[in-house]
Amino acid sequence: MFYYIIMNFNQAVDYLVNLGNDREEWDLDLINELLHKLKMPHRRIGTVIHITGSNGKGSVCAMVANILKTAGYKVGLYTSPHLRRITERIKINNEDISKEVFSEYVQRIRPFVNGQSYFEVLTAIAFMYFADNDVEFSIIEVGLGGRLDATNVVESDISVITNVSLEHTKRLGENEEKIALEKAGIIKENSICVTGAEGDALKVIERVCSQRNTELLVSRPTDFSRLGLKGDVQKDNAGTAIKIIKALKRKEFLIPKLHILEGLESVKWPGRLEFISPRVLVDVAHNPAGALYLANELKKFHEDFERVVLVFGVLADKDWKSMLDYLVSVVDEIILTKPNSERAAQPALLERYLVKQFSLTPLIVENVKMAFDKAKTEAGKKDLVVVTGSFYTVGEIYHS
């Protein structure tokens, strides 16, 4: 007999966080063991669209979910990481799971947990919540990579690889081909795959689709100009979302064009080239490709702002040198900080690189909130403050 320990929300979050995500070797055995004990909720979550990619996967998830909601469907959405609170990772029809219901699910699942990680348990909770609420679609974002990610237990109807660039090289491989192969691990037999990947990465995906008798649809940027999410890169993401909706026609789901356009126009997704005030921009760029996208957008803002003050905090396992290389030329002042994560890069290390490579002397303010306050003090009335480098860094701004 199981005895439930009554938890409040903070206790539920602490319990999950204490499970940790550290493991030397990853496979799907533990998540499958847990889901078997829970009576396989991941098999009862409607039509599944499984999305991975180096950049843009969260935006694509949000676009597809909003289009389907606009068309009248009940849609589960599971994404990571979160910016404000853990409950925003699990949504139905764009509404976060409530703190109370989230705590109840943590209590329900706790007796069955035996060695599973924070992310594995959270993923199982999302499946339970979607199954219990009879969603018609589940949009599932991969946490890391694809092949060995806990979400890869789903039997997806459509798998999506938004794009491929260098990231998590220690886990996924040191070149784009190896990373593409890891991400292509989500492609299922006799299904449909949508991708915006190019070059050698696309060749890898084409090969895997051929081996698995899966139809491959390659997306292209849309020319629709009224996107709810800003920046040129969102045209790429919207093109992928549109291709996913078109792929659903093969599954006999017909989404009217009006609902597609309405969904793209009304979609919201925080932390993506987002002005949280008229002179403060946040963006979760956390790898070189994301930093390049951001740098290109910042070039356009020099007509509207006299100076750009950058607050930059990054994780140590990211290619932060390349990220800074892209950003240095489009900002006027740099404040280095340290996000609240054990994986955070030391600002002094970044400072040494900037001094040596660019003869720049940035400010160092290790606390993100204090760095943000300093940036606002340094910025004049016609200047722009930009905060970027990590989900953790941007997340702390929302709490400041």
# chains A, B, ... in the order shown; residues from 1 in each chain; ligands from 1

call {"tool": "residues_around", "arguments": {"residues": "segment 192-200 of chain A", "least_positions_apart": "6", "cutoff": "6 Å", "atoms": "only C-alpha atoms", "output": "list in words"}}
result
Ile158, Ser159, Val160, Ile161, Thr162, Asn163, Val164, Thr214, Glu215, Leu216, Leu217, Val218 and Ser219 of chain A

call {"tool": "residues_around", "arguments": {"residues": "Gly263 of chain A", "least_positions_apart": "4", "cutoff": "9 Å", "atoms": "only C-alpha atoms", "output": "PyMOL selection string"}}
result
chain A and resi 63-71+227-228+258-259+267

call {"tool": "write_last_selection", "arguments": {"atoms": "N, CA and C atoms", "output": "PDB file, in the first residue's frame"}}
result
ATOM      1  N   MET A  63       3.910  27.739 -32.034  1.00  0.00           N
ATOM      2  CA  MET A  63       3.143  28.059 -33.235  1.00  0.00           C
ATOM      3  C   MET A  63       2.172  26.943 -33.592  1.00  0.00           C
ATOM      4  N   VAL A  64       2.662  25.705 -33.602  1.00  0.00           N
ATOM      5  CA  VAL A  64       1.801  24.580 -33.973  1.00  0.00           C
ATOM      6  C   VAL A  64       0.672  24.420 -32.962  1.00  0.00           C
ATOM      7  N   ALA A  65       1.002  24.521 -31.674  1.00  0.00           N
ATOM      8  CA  ALA A  65      -0.028  24.391 -30.643  1.00  0.00           C
ATOM      9  C   ALA A  65      -1.088  25.473 -30.785  1.00  0.00           C
ATOM     10  N   ASN A  66      -0.663  26.689 -31.096  1.00  0.00           N
ATOM     11  CA  ASN A  66      -1.625  27.784 -31.212  1.00  0.00           C
ATOM     12  C   ASN A  66      -2.495  27.651 -32.454  1.00  0.00           C
ATOM     13  N   ILE A  67      -1.903  27.178 -33.540  1.00  0.00           N
ATOM     14  CA  ILE A  67      -2.698  26.941 -34.751  1.00  0.00           C
ATOM     15  C   ILE A  67      -3.783  25.893 -34.484  1.00  0.00           C
ATOM     16  N   LEU A  68      -3.391  24.793 -33.859  1.00  0.00           N
ATOM     17  CA  LEU A  68      -4.352  23.718 -33.601  1.00  0.00           C
ATOM     18  C   LEU A  68      -5.419  24.155 -32.595  1.00  0.00           C
ATOM     19  N   LYS A  69      -5.024  24.916 -31.596  1.00  0.00           N
ATOM     20  CA  LYS A  69      -6.012  25.456 -30.649  1.00  0.00           C
ATOM     21  C   LYS A  69      -6.987  26.373 -31.373  1.00  0.00           C
ATOM     22  N   THR A  70      -6.457  27.237 -32.249  1.00  0.00           N
ATOM     23  CA  THR A  70      -7.308  28.154 -33.019  1.00  0.00           C
ATOM     24  C   THR A  70      -8.300  27.381 -33.881  1.00  0.00           C
ATOM     25  N   ALA A  71      -7.867  26.216 -34.351  1.00  0.00           N
ATOM     26  CA  ALA A  71      -8.733  25.383 -35.185  1.00  0.00           C
ATOM     27  C   ALA A  71      -9.750  24.587 -34.365  1.00  0.00           C
ATOM     28  N   LEU A 227       3.567  37.850 -38.179  1.00  0.00           N
ATOM     29  CA  LEU A 227       3.848  36.839 -37.167  1.00  0.00           C
ATOM     30  C   LEU A 227       3.795  37.452 -35.770  1.00  0.00           C
ATOM     31  N   GLY A 228       3.259  36.684 -34.820  1.00  0.00           N
ATOM     32  CA  GLY A 228       3.224  37.150 -33.445  1.00  0.00           C
ATOM     33  C   GLY A 228       4.593  37.203 -32.805  1.00  0.00           C
ATOM     34  N   LEU A 258      -7.214  30.045 -42.833  1.00  0.00           N
ATOM     35  CA  LEU A 258      -7.522  31.153 -41.931  1.00  0.00           C
ATOM     36  C   LEU A 258      -7.051  30.857 -40.515  1.00  0.00           C
ATOM     37  N   HIS A 259      -7.249  29.614 -40.053  1.00  0.00           N
ATOM     38  CA  HIS A 259      -6.807  29.236 -38.708  1.00  0.00           C
ATOM     39  C   HIS A 259      -5.281  29.192 -38.625  1.00  0.00           C
ATOM     40  N   VAL A 267       0.237  34.002 -31.842  1.00  0.00           N
ATOM     41  CA  VAL A 267       1.089  33.198 -30.963  1.00  0.00           C
ATOM     42  C   VAL A 267       1.963  34.079 -30.081  1.00  0.00           C
TER      43      VAL A 267
END

call {"tool": "residues_around", "arguments": {"residues": "Val154 of chain A", "least_positions_apart": "4", "cutoff": "9 Å", "atoms": "only C-alpha atoms", "output": "list in words"}}
result
His42, Arg43, Val48, His50, Ile140 and Ile186 of chain A

call {"tool": "write_last_selection", "arguments": {"atoms": "N, CA and C atoms", "output": "compact mmCIF listing (two decimals), in the first residue's frame"}}
result
# COMPACT_ATOMS: atom_id res chain seq x y z
N HIS A 42 1.66 7.68 -22.03
CA HIS A 42 2.17 8.26 -23.28
C HIS A 42 1.55 7.62 -24.51
N ARG A 43 0.81 6.53 -24.32
CA ARG A 43 0.11 5.90 -25.44
C ARG A 43 -1.31 6.43 -25.58
N VAL A 48 0.57 12.72 -31.89
CA VAL A 48 1.79 13.25 -31.28
C VAL A 48 2.70 13.87 -32.33
N HIS A 50 6.42 15.40 -32.35
CA HIS A 50 7.63 15.37 -31.53
C HIS A 50 8.68 16.26 -32.18
N ILE A 140 5.27 17.75 -28.26
CA ILE A 140 6.28 17.35 -27.30
C ILE A 140 7.65 17.84 -27.76
N ILE A 186 14.72 10.50 -33.26
CA ILE A 186 13.28 10.58 -32.93
C ILE A 186 12.40 10.15 -34.10

call {"tool": "select_by_dssp", "arguments": {"residues": "segment 190-380 of chain A", "states": "alpha helix (DSSP H)", "output": "ChimeraX atom specification"}}
result
/A:199-211,233-247,257-266,288-301,320-328,347-358,368-378

call {"tool": "residues_around", "arguments": {"residues": "Leu35 of chain A", "least_positions_apart": "4", "cutoff": "12 Å", "atoms": "only C-alpha atoms", "output": "PyMOL selection string"}}
result
chain A and resi 28-31+39-44+109+112-114+116+120-128+150-151+153-154

call {"tool": "decode", "arguments": {"residues": "segment 233-360 of chain A", "atoms": "C-alpha atoms", "output": "PDB file, in the first residue's frame"}}
result
ATOM      1  CA  VAL A 233      14.390  33.731 -37.822  1.00  0.00           C
ATOM      2  CA  GLN A 234      10.707  33.370 -36.917  1.00  0.00           C
ATOM      3  CA  LYS A 235       9.934  33.230 -40.638  1.00  0.00           C
ATOM      4  CA  ASP A 236      12.008  30.034 -40.720  1.00  0.00           C
ATOM      5  CA  ASN A 237      10.170  28.685 -37.677  1.00  0.00           C
ATOM      6  CA  ALA A 238       6.778  29.632 -39.098  1.00  0.00           C
ATOM      7  CA  GLY A 239       7.678  27.901 -42.353  1.00  0.00           C
ATOM      8  CA  THR A 240       8.378  24.739 -40.378  1.00  0.00           C
ATOM      9  CA  ALA A 241       5.105  25.093 -38.453  1.00  0.00           C
ATOM     10  CA  ILE A 242       3.158  25.496 -41.693  1.00  0.00           C
ATOM     11  CA  LYS A 243       4.824  22.398 -43.145  1.00  0.00           C
ATOM     12  CA  ILE A 244       3.827  20.432 -40.022  1.00  0.00           C
ATOM     13  CA  ILE A 245       0.201  21.511 -40.457  1.00  0.00           C
ATOM     14  CA  LYS A 246       0.362  20.489 -44.100  1.00  0.00           C
ATOM     15  CA  ALA A 247       1.781  17.114 -43.009  1.00  0.00           C
ATOM     16  CA  LEU A 248      -1.316  16.608 -40.891  1.00  0.00           C
ATOM     17  CA  LYS A 249      -3.314  16.457 -44.125  1.00  0.00           C
ATOM     18  CA  ARG A 250      -1.708  13.046 -44.649  1.00  0.00           C
ATOM     19  CA  LYS A 251      -3.335  12.104 -41.338  1.00  0.00           C
ATOM     20  CA  GLU A 252      -6.698  13.447 -42.576  1.00  0.00           C
ATOM     21  CA  PHE A 253      -6.629  16.590 -40.450  1.00  0.00           C
ATOM     22  CA  LEU A 254      -7.641  19.561 -42.546  1.00  0.00           C
ATOM     23  CA  ILE A 255      -6.751  22.882 -40.929  1.00  0.00           C
ATOM     24  CA  PRO A 256      -8.242  25.890 -42.742  1.00  0.00           C
ATOM     25  CA  LYS A 257      -5.754  28.483 -43.964  1.00  0.00           C
ATOM     26  CA  LEU A 258      -7.522  31.153 -41.931  1.00  0.00           C
ATOM     27  CA  HIS A 259      -6.807  29.236 -38.708  1.00  0.00           C
ATOM     28  CA  ILE A 260      -3.162  28.784 -39.722  1.00  0.00           C
ATOM     29  CA  LEU A 261      -2.697  32.515 -40.269  1.00  0.00           C
ATOM     30  CA  GLU A 262      -4.656  33.442 -37.136  1.00  0.00           C
ATOM     31  CA  GLY A 263      -2.575  31.020 -35.100  1.00  0.00           C
ATOM     32  CA  LEU A 264       0.697  32.417 -36.405  1.00  0.00           C
ATOM     33  CA  GLU A 265      -0.423  35.994 -35.846  1.00  0.00           C
ATOM     34  CA  SER A 266      -1.633  35.528 -32.264  1.00  0.00           C
ATOM     35  CA  VAL A 267       1.089  33.198 -30.963  1.00  0.00           C
ATOM     36  CA  LYS A 268       3.066  34.280 -27.910  1.00  0.00           C
ATOM     37  CA  TRP A 269       6.297  32.743 -26.647  1.00  0.00           C
ATOM     38  CA  PRO A 270       8.368  34.613 -24.051  1.00  0.00           C
ATOM     39  CA  GLY A 271      12.078  35.283 -24.245  1.00  0.00           C
ATOM     40  CA  ARG A 272      12.348  35.364 -28.019  1.00  0.00           C
ATOM     41  CA  LEU A 273      13.446  38.842 -29.118  1.00  0.00           C
ATOM     42  CA  GLU A 274      10.978  40.145 -26.553  1.00  0.00           C
ATOM     43  CA  PHE A 275      10.743  43.737 -25.415  1.00  0.00           C
ATOM     44  CA  ILE A 276       9.735  43.500 -21.758  1.00  0.00           C
ATOM     45  CA  SER A 277       9.783  47.308 -21.638  1.00  0.00           C
ATOM     46  CA  PRO A 278      10.421  49.945 -24.321  1.00  0.00           C
ATOM     47  CA  ARG A 279      14.178  49.927 -23.659  1.00  0.00           C
ATOM     48  CA  VAL A 280      14.800  46.350 -22.479  1.00  0.00           C
ATOM     49  CA  LEU A 281      15.087  43.393 -24.845  1.00  0.00           C
ATOM     50  CA  VAL A 282      15.517  39.784 -23.715  1.00  0.00           C
ATOM     51  CA  ASP A 283      16.437  36.824 -25.877  1.00  0.00           C
ATOM     52  CA  VAL A 284      17.271  33.255 -24.873  1.00  0.00           C
ATOM     53  CA  ALA A 285      20.054  32.863 -27.459  1.00  0.00           C
ATOM     54  CA  HIS A 286      22.268  30.204 -25.869  1.00  0.00           C
ATOM     55  CA  ASN A 287      24.472  28.938 -28.683  1.00  0.00           C
ATOM     56  CA  PRO A 288      26.385  30.480 -31.598  1.00  0.00           C
ATOM     57  CA  ALA A 289      23.537  30.161 -34.089  1.00  0.00           C
ATOM     58  CA  GLY A 290      21.164  31.894 -31.685  1.00  0.00           C
ATOM     59  CA  ALA A 291      23.725  34.626 -30.984  1.00  0.00           C
ATOM     60  CA  LEU A 292      24.170  35.211 -34.720  1.00  0.00           C
ATOM     61  CA  TYR A 293      20.398  35.568 -35.185  1.00  0.00           C
ATOM     62  CA  LEU A 294      20.304  38.051 -32.318  1.00  0.00           C
ATOM     63  CA  ALA A 295      23.289  40.030 -33.626  1.00  0.00           C
ATOM     64  CA  ASN A 296      21.625  40.398 -37.015  1.00  0.00           C
ATOM     65  CA  GLU A 297      18.461  41.711 -35.372  1.00  0.00           C
ATOM     66  CA  LEU A 298      20.392  44.158 -33.173  1.00  0.00           C
ATOM     67  CA  LYS A 299      21.941  45.733 -36.265  1.00  0.00           C
ATOM     68  CA  LYS A 300      18.459  46.908 -37.207  1.00  0.00           C
ATOM     69  CA  PHE A 301      17.927  48.635 -33.860  1.00  0.00           C
ATOM     70  CA  HIS A 302      20.757  51.135 -34.218  1.00  0.00           C
ATOM     71  CA  GLU A 303      18.352  53.457 -36.021  1.00  0.00           C
ATOM     72  CA  ASP A 304      16.089  53.521 -32.951  1.00  0.00           C
ATOM     73  CA  PHE A 305      18.683  53.507 -30.148  1.00  0.00           C
ATOM     74  CA  GLU A 306      21.936  55.378 -29.672  1.00  0.00           C
ATOM     75  CA  ARG A 307      23.748  52.656 -27.737  1.00  0.00           C
ATOM     76  CA  VAL A 308      23.259  48.989 -26.852  1.00  0.00           C
ATOM     77  CA  VAL A 309      24.229  47.779 -23.375  1.00  0.00           C
ATOM     78  CA  LEU A 310      24.609  43.986 -23.240  1.00  0.00           C
ATOM     79  CA  VAL A 311      24.075  41.847 -20.136  1.00  0.00           C
ATOM     80  CA  PHE A 312      25.583  38.449 -20.893  1.00  0.00           C
ATOM     81  CA  GLY A 313      25.473  35.328 -18.715  1.00  0.00           C
ATOM     82  CA  VAL A 314      26.129  31.896 -20.166  1.00  0.00           C
ATOM     83  CA  LEU A 315      26.674  28.266 -19.231  1.00  0.00           C
ATOM     84  CA  ALA A 316      30.240  26.985 -19.275  1.00  0.00           C
ATOM     85  CA  ASP A 317      29.487  24.075 -21.602  1.00  0.00           C
ATOM     86  CA  LYS A 318      28.303  26.392 -24.373  1.00  0.00           C
ATOM     87  CA  ASP A 319      30.532  27.801 -27.121  1.00  0.00           C
ATOM     88  CA  TRP A 320      30.473  31.226 -25.487  1.00  0.00           C
ATOM     89  CA  LYS A 321      33.540  32.424 -27.377  1.00  0.00           C
ATOM     90  CA  SER A 322      31.711  32.193 -30.695  1.00  0.00           C
ATOM     91  CA  MET A 323      28.630  33.773 -29.136  1.00  0.00           C
ATOM     92  CA  LEU A 324      30.665  36.766 -27.957  1.00  0.00           C
ATOM     93  CA  ASP A 325      32.407  36.981 -31.328  1.00  0.00           C
ATOM     94  CA  TYR A 326      29.034  37.592 -32.974  1.00  0.00           C
ATOM     95  CA  LEU A 327      27.729  40.020 -30.362  1.00  0.00           C
ATOM     96  CA  VAL A 328      30.753  42.227 -29.705  1.00  0.00           C
ATOM     97  CA  SER A 329      30.474  44.171 -32.942  1.00  0.00           C
ATOM     98  CA  VAL A 330      26.807  45.140 -32.436  1.00  0.00           C
ATOM     99  CA  VAL A 331      26.914  46.351 -28.811  1.00  0.00           C
ATOM    100  CA  ASP A 332      28.539  49.366 -27.164  1.00  0.00           C
ATOM    101  CA  GLU A 333      28.979  48.138 -23.595  1.00  0.00           C
ATOM    102  CA  ILE A 334      29.176  44.681 -22.049  1.00  0.00           C
ATOM    103  CA  ILE A 335      28.264  43.623 -18.513  1.00  0.00           C
ATOM    104  CA  LEU A 336      29.181  40.025 -17.721  1.00  0.00           C
ATOM    105  CA  THR A 337      27.184  38.123 -15.129  1.00  0.00           C
ATOM    106  CA  LYS A 338      26.664  34.619 -13.765  1.00  0.00           C
ATOM    107  CA  PRO A 339      23.293  32.859 -13.999  1.00  0.00           C
ATOM    108  CA  ASN A 340      22.108  30.811 -11.041  1.00  0.00           C
ATOM    109  CA  SER A 341      23.276  27.408 -12.254  1.00  0.00           C
ATOM    110  CA  GLU A 342      26.039  25.024 -11.298  1.00  0.00           C
ATOM    111  CA  ARG A 343      26.936  24.981 -14.987  1.00  0.00           C
ATOM    112  CA  ALA A 344      27.392  28.758 -15.221  1.00  0.00           C
ATOM    113  CA  ALA A 345      30.573  30.140 -16.786  1.00  0.00           C
ATOM    114  CA  GLN A 346      32.719  32.358 -14.575  1.00  0.00           C
ATOM    115  CA  PRO A 347      32.511  35.990 -15.764  1.00  0.00           C
ATOM    116  CA  ALA A 348      36.255  36.450 -15.141  1.00  0.00           C
ATOM    117  CA  LEU A 349      36.957  33.774 -17.749  1.00  0.00           C
ATOM    118  CA  LEU A 350      34.827  35.602 -20.302  1.00  0.00           C
ATOM    119  CA  GLU A 351      36.489  38.869 -19.367  1.00  0.00           C
ATOM    120  CA  ARG A 352      39.960  37.477 -20.097  1.00  0.00           C
ATOM    121  CA  TYR A 353      38.782  36.375 -23.536  1.00  0.00           C
ATOM    122  CA  LEU A 354      37.333  39.794 -24.371  1.00  0.00           C
ATOM    123  CA  VAL A 355      40.468  41.596 -23.195  1.00  0.00           C
ATOM    124  CA  LYS A 356      42.766  39.310 -25.172  1.00  0.00           C
ATOM    125  CA  GLN A 357      40.668  38.976 -28.316  1.00  0.00           C
ATOM    126  CA  PHE A 358      39.103  42.421 -28.629  1.00  0.00           C
ATOM    127  CA  SER A 359      40.998  44.651 -26.172  1.00  0.00           C
ATOM    128  CA  LEU A 360      37.679  45.232 -24.412  1.00  0.00           C
TER     129      LEU A 360
END
